[in-house]
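**Q** Sharing coords_22.txt (compact mmCIF, N, CA and C atoms) below.
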# COMPACT_ATOMS: atom_id res chain seq x y z
N MET A 1 -41.14 127.79 31.71
CA MET A 1 -41.39 126.50 32.31
C MET A 1 -40.22 126.17 33.25
N PRO A 2 -40.51 125.69 34.48
CA PRO A 2 -39.41 125.42 35.42
C PRO A 2 -38.58 124.22 35.00
N LYS A 3 -37.33 124.29 35.37
CA LYS A 3 -36.41 123.21 35.05
C LYS A 3 -36.69 122.00 35.96
N SER A 4 -36.67 120.82 35.41
CA SER A 4 -36.94 119.61 36.18
C SER A 4 -35.75 119.29 37.07
N LYS A 5 -36.01 119.07 38.34
CA LYS A 5 -34.94 118.80 39.30
C LYS A 5 -34.80 117.31 39.61
N GLY A 6 -35.85 116.55 39.35
CA GLY A 6 -35.83 115.14 39.72
C GLY A 6 -35.15 114.26 38.68
N LYS A 7 -35.07 112.99 39.00
CA LYS A 7 -34.44 112.03 38.09
C LYS A 7 -35.47 111.10 37.48
N GLY A 8 -36.70 111.54 37.37
CA GLY A 8 -37.73 110.71 36.75
C GLY A 8 -38.94 110.63 37.65
N GLY A 9 -39.99 110.09 37.10
CA GLY A 9 -41.24 109.99 37.84
C GLY A 9 -41.40 108.63 38.49
N LYS A 10 -42.66 108.25 38.64
CA LYS A 10 -42.93 106.99 39.33
C LYS A 10 -42.51 105.77 38.51
N ASN A 11 -42.40 105.94 37.19
CA ASN A 11 -41.99 104.81 36.36
C ASN A 11 -40.52 104.45 36.58
N ARG A 12 -39.74 105.37 37.10
CA ARG A 12 -38.33 105.09 37.40
C ARG A 12 -38.22 104.06 38.51
N LYS A 13 -39.19 104.06 39.42
CA LYS A 13 -39.18 103.12 40.53
C LYS A 13 -39.58 101.72 40.09
N ARG A 14 -40.22 101.61 38.96
CA ARG A 14 -40.73 100.32 38.49
C ARG A 14 -39.74 99.58 37.61
N VAL A 15 -38.49 99.58 37.99
CA VAL A 15 -37.47 98.85 37.25
C VAL A 15 -37.65 97.36 37.51
N LYS A 16 -37.57 96.57 36.47
CA LYS A 16 -37.79 95.14 36.62
C LYS A 16 -36.65 94.52 37.43
N ASN A 17 -37.02 93.71 38.41
CA ASN A 17 -36.04 93.06 39.26
C ASN A 17 -35.49 91.82 38.54
N LYS A 18 -34.19 91.79 38.30
CA LYS A 18 -33.59 90.68 37.57
C LYS A 18 -33.37 89.46 38.44
N ALA A 19 -33.54 89.59 39.75
CA ALA A 19 -33.34 88.46 40.65
C ALA A 19 -34.48 87.44 40.53
N ASP A 20 -35.65 87.87 40.04
CA ASP A 20 -36.78 86.96 39.91
C ASP A 20 -36.62 86.00 38.74
N ASP A 21 -35.78 86.38 37.75
CA ASP A 21 -35.63 85.55 36.56
C ASP A 21 -34.91 84.23 36.86
N GLU A 22 -33.92 84.28 37.72
CA GLU A 22 -33.18 83.06 38.02
C GLU A 22 -33.98 82.20 39.01
N LYS A 23 -33.64 80.92 39.07
CA LYS A 23 -34.37 80.01 39.97
C LYS A 23 -34.08 80.36 41.41
N ARG A 24 -35.18 80.46 42.18
CA ARG A 24 -35.03 80.75 43.59
C ARG A 24 -35.06 79.45 44.37
N LYS A 25 -34.50 79.50 45.55
CA LYS A 25 -34.54 78.34 46.43
C LYS A 25 -35.96 78.17 46.95
N LEU A 26 -36.46 76.95 46.93
CA LEU A 26 -37.82 76.67 47.35
C LEU A 26 -37.92 76.75 48.88
N VAL A 27 -38.89 77.50 49.37
CA VAL A 27 -39.09 77.69 50.80
C VAL A 27 -40.17 76.72 51.28
N PHE A 28 -39.81 75.83 52.20
CA PHE A 28 -40.77 74.87 52.75
C PHE A 28 -41.29 75.38 54.09
N LYS A 29 -42.45 74.86 54.50
CA LYS A 29 -43.04 75.30 55.76
C LYS A 29 -42.31 74.69 56.94
N GLU A 30 -42.32 75.41 58.05
CA GLU A 30 -41.76 74.94 59.31
C GLU A 30 -42.90 74.82 60.30
N ASP A 31 -42.58 74.46 61.54
CA ASP A 31 -43.65 74.37 62.53
C ASP A 31 -44.15 75.78 62.86
N GLY A 32 -45.46 75.91 62.96
CA GLY A 32 -46.08 77.21 63.17
C GLY A 32 -46.41 77.92 61.87
N GLN A 33 -46.21 77.24 60.74
CA GLN A 33 -46.52 77.80 59.43
C GLN A 33 -47.40 76.82 58.67
N GLU A 34 -48.10 77.34 57.66
CA GLU A 34 -49.01 76.51 56.86
C GLU A 34 -49.11 77.08 55.46
N TYR A 35 -49.34 76.19 54.47
CA TYR A 35 -49.59 76.63 53.11
C TYR A 35 -51.06 77.02 53.00
N ALA A 36 -51.35 78.00 52.15
CA ALA A 36 -52.73 78.44 51.97
C ALA A 36 -52.90 78.95 50.54
N GLN A 37 -54.16 79.02 50.12
CA GLN A 37 -54.49 79.58 48.82
C GLN A 37 -55.43 80.76 49.05
N VAL A 38 -55.12 81.89 48.44
CA VAL A 38 -55.90 83.11 48.65
C VAL A 38 -57.26 82.95 47.99
N MET A 39 -58.31 83.17 48.76
CA MET A 39 -59.67 83.09 48.22
C MET A 39 -60.10 84.45 47.67
N ARG A 40 -59.88 85.51 48.46
CA ARG A 40 -60.21 86.84 47.97
C ARG A 40 -59.41 87.88 48.74
N MET A 41 -59.19 89.01 48.07
CA MET A 41 -58.49 90.12 48.69
C MET A 41 -59.53 91.03 49.33
N LEU A 42 -59.22 91.49 50.54
CA LEU A 42 -60.17 92.30 51.29
C LEU A 42 -59.79 93.77 51.34
N GLY A 43 -58.58 94.12 50.98
CA GLY A 43 -58.13 95.49 51.08
C GLY A 43 -57.48 95.74 52.43
N ASN A 44 -56.84 96.88 52.57
CA ASN A 44 -56.17 97.28 53.80
C ASN A 44 -55.10 96.26 54.23
N GLY A 45 -54.44 95.62 53.25
CA GLY A 45 -53.37 94.67 53.57
C GLY A 45 -53.86 93.37 54.14
N ARG A 46 -55.10 92.98 53.83
CA ARG A 46 -55.65 91.73 54.35
C ARG A 46 -56.21 90.89 53.21
N CYS A 47 -56.30 89.59 53.46
CA CYS A 47 -56.91 88.69 52.49
C CYS A 47 -57.54 87.52 53.24
N GLU A 48 -58.41 86.84 52.55
CA GLU A 48 -59.05 85.65 53.12
C GLU A 48 -58.44 84.45 52.41
N ALA A 49 -57.94 83.49 53.18
CA ALA A 49 -57.23 82.35 52.58
C ALA A 49 -57.73 81.05 53.19
N MET A 50 -57.74 80.00 52.36
CA MET A 50 -58.09 78.66 52.81
C MET A 50 -56.79 77.88 52.99
N CYS A 51 -56.53 77.48 54.21
CA CYS A 51 -55.30 76.76 54.52
C CYS A 51 -55.43 75.28 54.16
N ILE A 52 -54.30 74.60 54.06
CA ILE A 52 -54.27 73.18 53.72
C ILE A 52 -55.00 72.36 54.77
N ASP A 53 -54.94 72.79 56.03
CA ASP A 53 -55.58 72.03 57.10
C ASP A 53 -57.11 72.18 57.12
N GLY A 54 -57.67 72.94 56.17
CA GLY A 54 -59.12 73.07 56.04
C GLY A 54 -59.72 74.25 56.77
N THR A 55 -58.91 75.13 57.33
CA THR A 55 -59.40 76.28 58.08
C THR A 55 -59.34 77.52 57.21
N LYS A 56 -60.42 78.29 57.20
CA LYS A 56 -60.44 79.57 56.49
C LYS A 56 -59.93 80.62 57.45
N ARG A 57 -58.88 81.36 57.05
CA ARG A 57 -58.26 82.33 57.94
C ARG A 57 -58.21 83.72 57.31
N LEU A 58 -58.29 84.72 58.15
CA LEU A 58 -58.10 86.10 57.75
C LEU A 58 -56.60 86.39 57.87
N CYS A 59 -55.97 86.70 56.75
CA CYS A 59 -54.51 86.85 56.73
C CYS A 59 -54.13 88.32 56.57
N HIS A 60 -53.09 88.70 57.27
CA HIS A 60 -52.56 90.06 57.23
C HIS A 60 -51.24 90.04 56.47
N ILE A 61 -51.11 90.90 55.45
CA ILE A 61 -49.88 90.98 54.67
C ILE A 61 -48.89 91.85 55.45
N ARG A 62 -47.74 91.29 55.76
CA ARG A 62 -46.79 92.02 56.59
C ARG A 62 -46.19 93.21 55.85
N GLY A 63 -45.64 94.12 56.60
CA GLY A 63 -45.18 95.39 56.06
C GLY A 63 -44.06 95.26 55.04
N LYS A 64 -43.20 94.26 55.18
CA LYS A 64 -42.09 94.07 54.24
C LYS A 64 -42.61 93.71 52.84
N MET A 65 -43.76 93.07 52.79
CA MET A 65 -44.34 92.64 51.51
C MET A 65 -45.34 93.66 50.98
N HIS A 66 -45.85 94.52 51.84
CA HIS A 66 -46.92 95.44 51.45
C HIS A 66 -46.45 96.39 50.35
N LYS A 67 -47.18 96.43 49.24
CA LYS A 67 -46.91 97.25 48.05
C LYS A 67 -45.61 96.87 47.33
N LYS A 68 -45.02 95.74 47.68
CA LYS A 68 -43.84 95.26 46.97
C LYS A 68 -44.11 93.91 46.31
N VAL A 69 -44.80 93.04 47.02
CA VAL A 69 -45.18 91.73 46.49
C VAL A 69 -46.69 91.75 46.33
N TRP A 70 -47.16 91.65 45.09
CA TRP A 70 -48.58 91.74 44.82
C TRP A 70 -49.21 90.36 44.90
N ILE A 71 -50.24 90.26 45.70
CA ILE A 71 -50.95 89.00 45.92
C ILE A 71 -52.33 89.12 45.32
N ALA A 72 -52.76 88.08 44.60
CA ALA A 72 -54.08 88.06 43.97
C ALA A 72 -54.82 86.79 44.38
N ALA A 73 -56.10 86.75 44.09
CA ALA A 73 -56.90 85.57 44.40
C ALA A 73 -56.37 84.38 43.62
N GLY A 74 -56.24 83.24 44.29
CA GLY A 74 -55.75 82.02 43.66
C GLY A 74 -54.28 81.76 43.90
N ASP A 75 -53.54 82.72 44.44
CA ASP A 75 -52.11 82.54 44.70
C ASP A 75 -51.89 81.60 45.89
N ILE A 76 -50.80 80.85 45.83
CA ILE A 76 -50.38 79.99 46.93
C ILE A 76 -49.43 80.81 47.80
N ILE A 77 -49.71 80.85 49.11
CA ILE A 77 -48.91 81.64 50.04
C ILE A 77 -48.51 80.78 51.23
N LEU A 78 -47.51 81.24 51.95
CA LEU A 78 -47.10 80.62 53.20
C LEU A 78 -47.51 81.56 54.32
N VAL A 79 -48.28 81.05 55.28
CA VAL A 79 -48.77 81.89 56.36
C VAL A 79 -48.19 81.42 57.69
N GLY A 80 -47.96 82.39 58.56
CA GLY A 80 -47.52 82.10 59.92
C GLY A 80 -48.73 82.08 60.83
N LEU A 81 -48.93 80.96 61.53
CA LEU A 81 -50.09 80.82 62.40
C LEU A 81 -49.86 81.56 63.71
N ARG A 82 -50.94 82.02 64.30
CA ARG A 82 -50.87 82.70 65.59
C ARG A 82 -51.30 81.74 66.69
N ASP A 83 -50.59 81.77 67.80
CA ASP A 83 -50.93 80.90 68.93
C ASP A 83 -52.22 81.34 69.60
N TYR A 84 -52.44 82.63 69.65
CA TYR A 84 -53.55 83.17 70.41
C TYR A 84 -54.81 83.40 69.58
N GLN A 85 -54.72 83.37 68.23
CA GLN A 85 -55.88 83.53 67.36
C GLN A 85 -55.79 82.51 66.25
N ASP A 86 -56.65 81.50 66.31
CA ASP A 86 -56.59 80.43 65.31
C ASP A 86 -57.18 80.86 63.98
N TYR A 87 -58.08 81.81 63.97
CA TYR A 87 -58.75 82.22 62.74
C TYR A 87 -58.01 83.34 62.01
N LYS A 88 -56.86 83.76 62.53
CA LYS A 88 -56.06 84.79 61.87
C LYS A 88 -54.64 84.27 61.63
N ALA A 89 -53.99 84.82 60.60
CA ALA A 89 -52.62 84.42 60.25
C ALA A 89 -51.91 85.60 59.59
N ASP A 90 -50.61 85.46 59.41
CA ASP A 90 -49.80 86.49 58.77
C ASP A 90 -49.15 85.91 57.52
N VAL A 91 -49.22 86.65 56.41
CA VAL A 91 -48.61 86.19 55.15
C VAL A 91 -47.11 86.39 55.25
N ILE A 92 -46.38 85.30 55.07
CA ILE A 92 -44.92 85.34 55.17
C ILE A 92 -44.27 85.37 53.79
N PHE A 93 -44.83 84.59 52.86
CA PHE A 93 -44.18 84.40 51.56
C PHE A 93 -45.23 84.11 50.50
N ARG A 94 -45.02 84.62 49.29
CA ARG A 94 -45.89 84.30 48.15
C ARG A 94 -45.10 83.46 47.16
N TYR A 95 -45.67 82.33 46.77
CA TYR A 95 -45.02 81.45 45.82
C TYR A 95 -45.37 81.86 44.40
N MET A 96 -44.37 81.92 43.55
CA MET A 96 -44.59 82.16 42.13
C MET A 96 -45.24 80.91 41.54
N PRO A 97 -45.88 81.00 40.37
CA PRO A 97 -46.53 79.82 39.80
C PRO A 97 -45.61 78.62 39.61
N ASP A 98 -44.36 78.87 39.21
CA ASP A 98 -43.40 77.77 39.04
C ASP A 98 -43.08 77.12 40.38
N ASP A 99 -42.92 77.94 41.41
CA ASP A 99 -42.63 77.41 42.74
C ASP A 99 -43.80 76.59 43.27
N ALA A 100 -45.03 77.07 43.00
CA ALA A 100 -46.21 76.33 43.45
C ALA A 100 -46.30 74.97 42.77
N ARG A 101 -45.95 74.92 41.49
CA ARG A 101 -45.95 73.63 40.77
C ARG A 101 -44.90 72.70 41.35
N ARG A 102 -43.74 73.26 41.70
CA ARG A 102 -42.69 72.43 42.29
C ARG A 102 -43.09 71.92 43.67
N LEU A 103 -43.80 72.75 44.44
CA LEU A 103 -44.30 72.31 45.75
C LEU A 103 -45.29 71.16 45.59
N LYS A 104 -46.15 71.25 44.59
CA LYS A 104 -47.14 70.20 44.35
C LYS A 104 -46.45 68.92 43.91
N ALA A 105 -45.39 69.05 43.11
CA ALA A 105 -44.64 67.87 42.66
C ALA A 105 -43.89 67.21 43.81
N CYS A 106 -43.45 68.01 44.78
CA CYS A 106 -42.74 67.46 45.96
C CYS A 106 -43.70 66.80 46.95
N GLY A 107 -45.00 67.00 46.77
CA GLY A 107 -45.96 66.40 47.68
C GLY A 107 -46.32 67.27 48.87
N GLU A 108 -45.90 68.53 48.86
CA GLU A 108 -46.22 69.45 49.95
C GLU A 108 -47.68 69.91 49.87
N LEU A 109 -48.17 70.10 48.65
CA LEU A 109 -49.56 70.51 48.45
C LEU A 109 -50.38 69.29 48.04
N PRO A 110 -51.66 69.22 48.44
CA PRO A 110 -52.49 68.09 48.04
C PRO A 110 -52.73 68.06 46.53
N GLU A 111 -53.10 66.90 46.02
CA GLU A 111 -53.28 66.72 44.58
C GLU A 111 -54.49 67.49 44.04
N ASN A 112 -55.49 67.76 44.90
CA ASN A 112 -56.69 68.45 44.41
C ASN A 112 -56.53 69.97 44.40
N THR A 113 -55.33 70.49 44.66
CA THR A 113 -55.09 71.92 44.63
C THR A 113 -55.08 72.42 43.20
N ARG A 114 -55.87 73.45 42.94
CA ARG A 114 -55.90 74.05 41.61
C ARG A 114 -54.96 75.23 41.58
N LEU A 115 -53.99 75.19 40.69
CA LEU A 115 -53.01 76.26 40.58
C LEU A 115 -53.35 77.13 39.37
N ASN A 116 -52.89 78.36 39.40
CA ASN A 116 -53.03 79.33 38.31
C ASN A 116 -54.48 79.59 37.95
N GLU A 117 -55.34 79.72 38.94
CA GLU A 117 -56.74 80.04 38.69
C GLU A 117 -57.12 81.26 39.49
N GLY A 118 -58.08 82.01 38.98
CA GLY A 118 -58.54 83.19 39.68
C GLY A 118 -59.37 82.87 40.90
N ILE A 119 -60.09 81.75 40.87
CA ILE A 119 -60.93 81.38 41.99
C ILE A 119 -60.17 80.37 42.82
N ALA A 120 -60.14 80.58 44.12
CA ALA A 120 -59.48 79.63 45.01
C ALA A 120 -60.49 78.58 45.41
N GLY A 121 -60.54 77.49 44.68
CA GLY A 121 -61.48 76.45 45.02
C GLY A 121 -60.81 75.12 45.20
N GLY A 122 -59.51 75.07 45.07
CA GLY A 122 -58.83 73.80 45.08
C GLY A 122 -58.61 73.21 46.45
N ILE A 123 -58.42 74.03 47.46
CA ILE A 123 -58.06 73.50 48.77
C ILE A 123 -59.31 73.42 49.64
N ALA A 124 -59.61 72.26 50.08
CA ALA A 124 -60.59 72.01 51.14
C ALA A 124 -61.89 72.76 50.97
N GLY A 125 -62.58 72.50 49.90
CA GLY A 125 -63.96 72.92 49.81
C GLY A 125 -64.23 74.22 49.10
N GLY A 126 -63.74 74.43 47.94
CA GLY A 126 -64.15 75.59 47.17
C GLY A 126 -65.32 75.22 46.31
N LEU A 127 -65.15 75.28 45.00
CA LEU A 127 -66.21 74.89 44.09
C LEU A 127 -66.26 73.38 43.94
N ASP A 128 -67.45 72.82 43.96
CA ASP A 128 -67.62 71.39 43.77
C ASP A 128 -68.07 71.13 42.34
N GLU A 129 -68.19 69.85 42.00
CA GLU A 129 -68.66 69.49 40.67
C GLU A 129 -70.16 69.69 40.53
N ASP A 130 -70.87 69.93 41.64
CA ASP A 130 -72.31 70.10 41.60
C ASP A 130 -72.72 71.45 41.01
N TYR A 131 -71.82 72.40 41.01
CA TYR A 131 -72.14 73.73 40.51
C TYR A 131 -72.01 73.76 39.00
N GLU A 132 -72.91 74.53 38.37
CA GLU A 132 -72.84 74.72 36.93
C GLU A 132 -72.34 76.13 36.66
N ILE A 133 -71.54 76.27 35.63
CA ILE A 133 -71.07 77.58 35.24
C ILE A 133 -71.95 78.05 34.10
N ILE A 134 -72.61 79.17 34.30
CA ILE A 134 -73.54 79.70 33.31
C ILE A 134 -72.88 80.85 32.59
N VAL A 135 -72.87 80.80 31.27
CA VAL A 135 -72.27 81.84 30.46
C VAL A 135 -73.38 82.51 29.67
N PHE A 136 -73.46 83.82 29.76
CA PHE A 136 -74.46 84.56 29.03
C PHE A 136 -73.81 85.19 27.80
N ASP A 137 -74.48 85.08 26.67
CA ASP A 137 -74.03 85.76 25.46
C ASP A 137 -74.91 86.98 25.26
N PHE A 138 -74.30 88.15 25.19
CA PHE A 138 -75.03 89.38 25.00
C PHE A 138 -74.93 89.76 23.54
N VAL A 139 -76.06 90.09 22.97
CA VAL A 139 -76.11 90.49 21.57
C VAL A 139 -76.42 91.98 21.55
N ARG A 140 -75.62 92.73 20.87
CA ARG A 140 -75.85 94.17 20.76
C ARG A 140 -76.76 94.42 19.58
N ILE A 141 -77.87 95.09 19.84
CA ILE A 141 -78.83 95.42 18.80
C ILE A 141 -78.57 96.84 18.36
N LYS A 142 -78.54 97.04 17.05
CA LYS A 142 -78.22 98.34 16.51
C LYS A 142 -79.30 99.35 16.92
N GLY A 143 -78.86 100.48 17.41
CA GLY A 143 -79.77 101.53 17.80
C GLY A 143 -80.21 101.45 19.26
N VAL A 144 -79.89 100.36 19.96
CA VAL A 144 -80.27 100.21 21.35
C VAL A 144 -78.98 100.13 22.17
N SER A 145 -78.91 100.91 23.24
CA SER A 145 -77.69 100.88 24.04
C SER A 145 -77.89 100.20 25.35
As a first step, turn the structure in this file into structure tokens.
**A**
Amino acid sequence: MPKSKGKGGKNRKRVKNKADDEKRKLVFKEDGQEYAQVMRMLGNGRCEAMCIDGTKRLCHIRGKMHKKVWIAAGDIILVGLRDYQDYKADVIFRYMPDDARRLKACGELPENTRLNEGIAGGIAGGLDEDYEIIVFDFVRIKGVS
């Protein structure tokens, strides 16, 4: 069997970052930027997000964040708006759940924003109260697959 020359596999790269444990400075939006909530991930470094101003935008995850900062549906993000394309934006920053709660407490996010949910329905027209959530109970019958 050949002698191993490396210093570990892919798990060696997955060392937990200790900088995330301490409190980070809260990043507020500037002109040309907007808060948004991710509605769904599209793949290829893109996502669909509903911005605070009520516009649904196609967002591109920038290269510095790609495969380093994982974004999921329902996350609060900071996007950079484009002057030449109003329906597209670039993801600049992803807020951790604690940071998103602090933003909401500061009054940066509207009160109807739903945090820590898989479905992005809190900002400007997601799920309304008119919809019913239907839950099916499946019963497994012995001998039938």
**Q** Name the residues in contact with range 77-91 of chain A at a cut-off of 6.5 Å, using all atoms listed in the file, excluding same-chain residues fewer than 2 positions from it; report them as a CSV table (one decimal) with N, CA and C atoms, in the coordinates of the input.
**A**
chain,number,residue,atom,x,y,z
A,32,GLY,N,-45.5,75.9,63.0
A,32,GLY,CA,-46.1,77.2,63.2
A,32,GLY,C,-46.4,77.9,61.9
A,33,GLN,N,-46.2,77.2,60.7
A,33,GLN,CA,-46.5,77.8,59.4
A,33,GLN,C,-47.4,76.8,58.7
A,34,GLU,N,-48.1,77.3,57.7
A,34,GLU,CA,-49.0,76.5,56.9
A,34,GLU,C,-49.1,77.1,55.5
A,35,TYR,N,-49.3,76.2,54.5
A,35,TYR,CA,-49.6,76.6,53.1
A,35,TYR,C,-51.1,77.0,53.0
A,36,ALA,N,-51.4,78.0,52.2
A,36,ALA,CA,-52.7,78.4,52.0
A,36,ALA,C,-52.9,79.0,50.5
A,37,GLN,N,-54.2,79.0,50.1
A,37,GLN,CA,-54.5,79.6,48.8
A,37,GLN,C,-55.4,80.8,49.0
A,38,VAL,N,-55.1,81.9,48.4
A,38,VAL,CA,-55.9,83.1,48.6
A,38,VAL,C,-57.3,83.0,48.0
A,56,LYS,N,-60.4,78.3,57.2
A,56,LYS,CA,-60.4,79.6,56.5
A,56,LYS,C,-59.9,80.6,57.4
A,57,ARG,N,-58.9,81.4,57.0
A,57,ARG,CA,-58.3,82.3,57.9
A,57,ARG,C,-58.2,83.7,57.3
A,58,LEU,N,-58.3,84.7,58.2
A,58,LEU,CA,-58.1,86.1,57.8
A,58,LEU,C,-56.6,86.4,57.9
A,59,CYS,N,-56.0,86.7,56.8
A,59,CYS,CA,-54.5,86.8,56.7
A,59,CYS,C,-54.1,88.3,56.6
A,60,HIS,N,-53.1,88.7,57.3
A,60,HIS,CA,-52.6,90.1,57.2
A,60,HIS,C,-51.2,90.0,56.5
A,61,ILE,N,-51.1,90.9,55.4
A,61,ILE,CA,-49.9,91.0,54.7
A,61,ILE,C,-48.9,91.8,55.4
A,62,ARG,N,-47.7,91.3,55.8
A,62,ARG,CA,-46.8,92.0,56.6
A,62,ARG,C,-46.2,93.2,55.8
A,75,ASP,N,-53.5,82.7,44.4
A,75,ASP,CA,-52.1,82.5,44.7
A,75,ASP,C,-51.9,81.6,45.9
A,93,PHE,N,-44.8,84.6,52.9
A,93,PHE,CA,-44.2,84.4,51.6
A,93,PHE,C,-45.2,84.1,50.5
A,94,ARG,N,-45.0,84.6,49.3
A,94,ARG,CA,-45.9,84.3,48.2
A,94,ARG,C,-45.1,83.5,47.2
A,95,TYR,N,-45.7,82.3,46.8
A,95,TYR,CA,-45.0,81.4,45.8
A,95,TYR,C,-45.4,81.9,44.4
**Q** From the list A:Leu26, A:Met65, A:Ile71, A:Met39, which residue is nearest Ala100 in chain A when using only C-alpha atoms?
**A**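 Result for the nearest residue to Ala100 in chain A: A:Leu26.
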**Q** Quote the spacing between CA of Leu109 in chain A and CA of Lys23 in chain A in Å to one decimal place.
**A** 19.8 Å
**Q** Atom C of Gly107 in chain A and CA of Ile92 in chain A, how far apart in Å?
**A**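 Computing it gives 19.2 Å between the two atoms.
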**Q** Quick one: distance from CA of Arg40 in chain A to CA of Gly74 in chain A in Å, one decimal?
**A**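 CA of Gly74 in chain A lies 7.9 Å from CA of Arg40 in chain A.
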